[in-house]
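Student: Quick one: structure below, then a few questions.
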Amino acid sequence: MNKATKRFRLLSDDDGHYYLVPAEKEEEFNIWVDSFNDEEGDPDGYEELGAVSLGCSPTYVSFTDPIIS
């Protein structure tokens with residue numbers, strides 16, 4: 001794999017919204033989801049993690065050479 005290639009994970013919150021999250025930020029994303037569910041978190045906090053909101057439609061994403069890990 002090219003070292004410049006950035007890996008993402010397709011993750012969701014507990015409301016059915018999907019996000020493309022940098023793979024190295026998965027744990028922080030899950031912490032954000034937990035804080036948001038407790039109504040203490042910033043609803044736009046995913047942006048600080050470099051994640052992209054896909055709303056409720058993961059079909060917006062297309063892949064080339066996917067790796068399942």
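Each chain in the structure tokens gets a letter, A, B and so on, in the order shown; residues start at 1 in every chain, and ligands are counted from 1 in the order they appear.
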Taking 4 positions as the minimum chain separation for residues in the same chain, which residues sit within 12 Å of Asp44 of chain A when counting only C-alpha atoms? Answer as JSON, numbers by chain.
Tutor: {"A": [19, 29, 32, 33, 35, 36, 40, 48, 49, 50, 51, 52, 53]}
Student: So that I can check the surroundings of Pro58 of chain A, please list as a ChimeraX atom specification every protein, DNA and RNA residue that reaches within 10 Å of it, counting only C-alpha atoms and ignoring chain neighbours fewer than 3 positions away.
Tutor: /A:10-12,16-20,53-55,61-62
Student: For the residues selected in the previous step, produce a file with N, CA and C atoms as a PDB file, in the first residue's frame.
Tutor:
ATOM      1  N   LEU A  10     -15.908   3.151   7.771  1.00  0.00           N
ATOM      2  CA  LEU A  10     -17.298   3.568   7.656  1.00  0.00           C
ATOM      3  C   LEU A  10     -17.956   3.218   8.985  1.00  0.00           C
ATOM      4  N   LEU A  11     -18.243   4.230   9.797  1.00  0.00           N
ATOM      5  CA  LEU A  11     -18.784   4.031  11.138  1.00  0.00           C
ATOM      6  C   LEU A  11     -20.118   4.747  11.268  1.00  0.00           C
ATOM      7  N   SER A  12     -20.866   4.389  12.292  1.00  0.00           N
ATOM      8  CA  SER A  12     -22.158   5.043  12.508  1.00  0.00           C
ATOM      9  C   SER A  12     -22.329   5.407  13.969  1.00  0.00           C
ATOM     10  N   GLY A  16     -28.207   6.115  13.489  1.00  0.00           N
ATOM     11  CA  GLY A  16     -28.248   5.664  12.102  1.00  0.00           C
ATOM     12  C   GLY A  16     -27.543   6.584  11.124  1.00  0.00           C
ATOM     13  N   HIS A  17     -26.747   7.551  11.616  1.00  0.00           N
ATOM     14  CA  HIS A  17     -25.974   8.412  10.740  1.00  0.00           C
ATOM     15  C   HIS A  17     -24.614   7.765  10.498  1.00  0.00           C
ATOM     16  N   TYR A  18     -24.139   7.857   9.280  1.00  0.00           N
ATOM     17  CA  TYR A  18     -22.865   7.252   8.904  1.00  0.00           C
ATOM     18  C   TYR A  18     -21.807   8.322   8.701  1.00  0.00           C
ATOM     19  N   TYR A  19     -20.560   7.908   8.925  1.00  0.00           N
ATOM     20  CA  TYR A  19     -19.424   8.814   8.813  1.00  0.00           C
ATOM     21  C   TYR A  19     -18.253   8.060   8.212  1.00  0.00           C
ATOM     22  N   LEU A  20     -17.460   8.757   7.398  1.00  0.00           N
ATOM     23  CA  LEU A  20     -16.159   8.252   6.994  1.00  0.00           C
ATOM     24  C   LEU A  20     -15.169   8.822   7.998  1.00  0.00           C
ATOM     25  N   SER A  53     -19.471  13.476   7.441  1.00  0.00           N
ATOM     26  CA  SER A  53     -20.826  12.972   7.661  1.00  0.00           C
ATOM     27  C   SER A  53     -21.457  12.558   6.337  1.00  0.00           C
ATOM     28  N   LEU A  54     -22.094  11.389   6.346  1.00  0.00           N
ATOM     29  CA  LEU A  54     -22.808  10.891   5.164  1.00  0.00           C
ATOM     30  C   LEU A  54     -24.305  10.895   5.387  1.00  0.00           C
ATOM     31  N   GLY A  55     -24.752  11.491   6.494  1.00  0.00           N
ATOM     32  CA  GLY A  55     -26.166  11.462   6.821  1.00  0.00           C
ATOM     33  C   GLY A  55     -26.588  10.020   7.056  1.00  0.00           C
ATOM     34  N   VAL A  61     -20.828   6.467  -0.712  1.00  0.00           N
ATOM     35  CA  VAL A  61     -19.430   6.067  -0.754  1.00  0.00           C
ATOM     36  C   VAL A  61     -19.217   5.045  -1.850  1.00  0.00           C
ATOM     37  N   SER A  62     -18.143   5.229  -2.613  1.00  0.00           N
ATOM     38  CA  SER A  62     -17.729   4.207  -3.552  1.00  0.00           C
ATOM     39  C   SER A  62     -16.256   3.883  -3.255  1.00  0.00           C
TER      40      SER A  62
END
Student: Based on DSSP run over this structure's backbone, return all residues of chain A in alpha helix (DSSP H), as a list in words.
Tutor: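 Taking chain A and keeping alpha helix (DSSP H) gives Glu26, Glu27, Glu28, Phe29, Asn30, Ile31, Trp32, Val33, Asp34, Ser35, Phe36 and Asn37 of chain A.
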Student: Run DSSP on the backbone and grab whatever in chain A lands in strand (DSSP E or B); send it over as a list in words.
Tutor: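 Answer for chain A restricted to strand (DSSP E or B) is Phe8, Arg9, Leu10, Leu11, Ser12, Tyr18, Tyr19, Leu20, Val21, Pro22, Val52, Ser53, Leu54 and Gly55 of chain A.
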Student: What is the distance between atom CA of Thr5 of chain A and atom CA of Asp34 of chain A, in Å to one decimal?
Tutor: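 These two atoms are separated by 28.8 Å.
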Student: Smallest atom-to-atom distance to Lys6 of chain A: which of A:Thr59, A:Asp42, A:Ser69, A:Pro22, using only C-alpha atoms?
Tutor: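 For Lys6 of chain A, the nearest of the candidates is A:Pro22.
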Student: Between atom CA of Glu28 of chain A and atom CA of Arg7 of chain A, what is the spacing in Å?
Tutor: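 These two atoms are separated by 15.3 Å.
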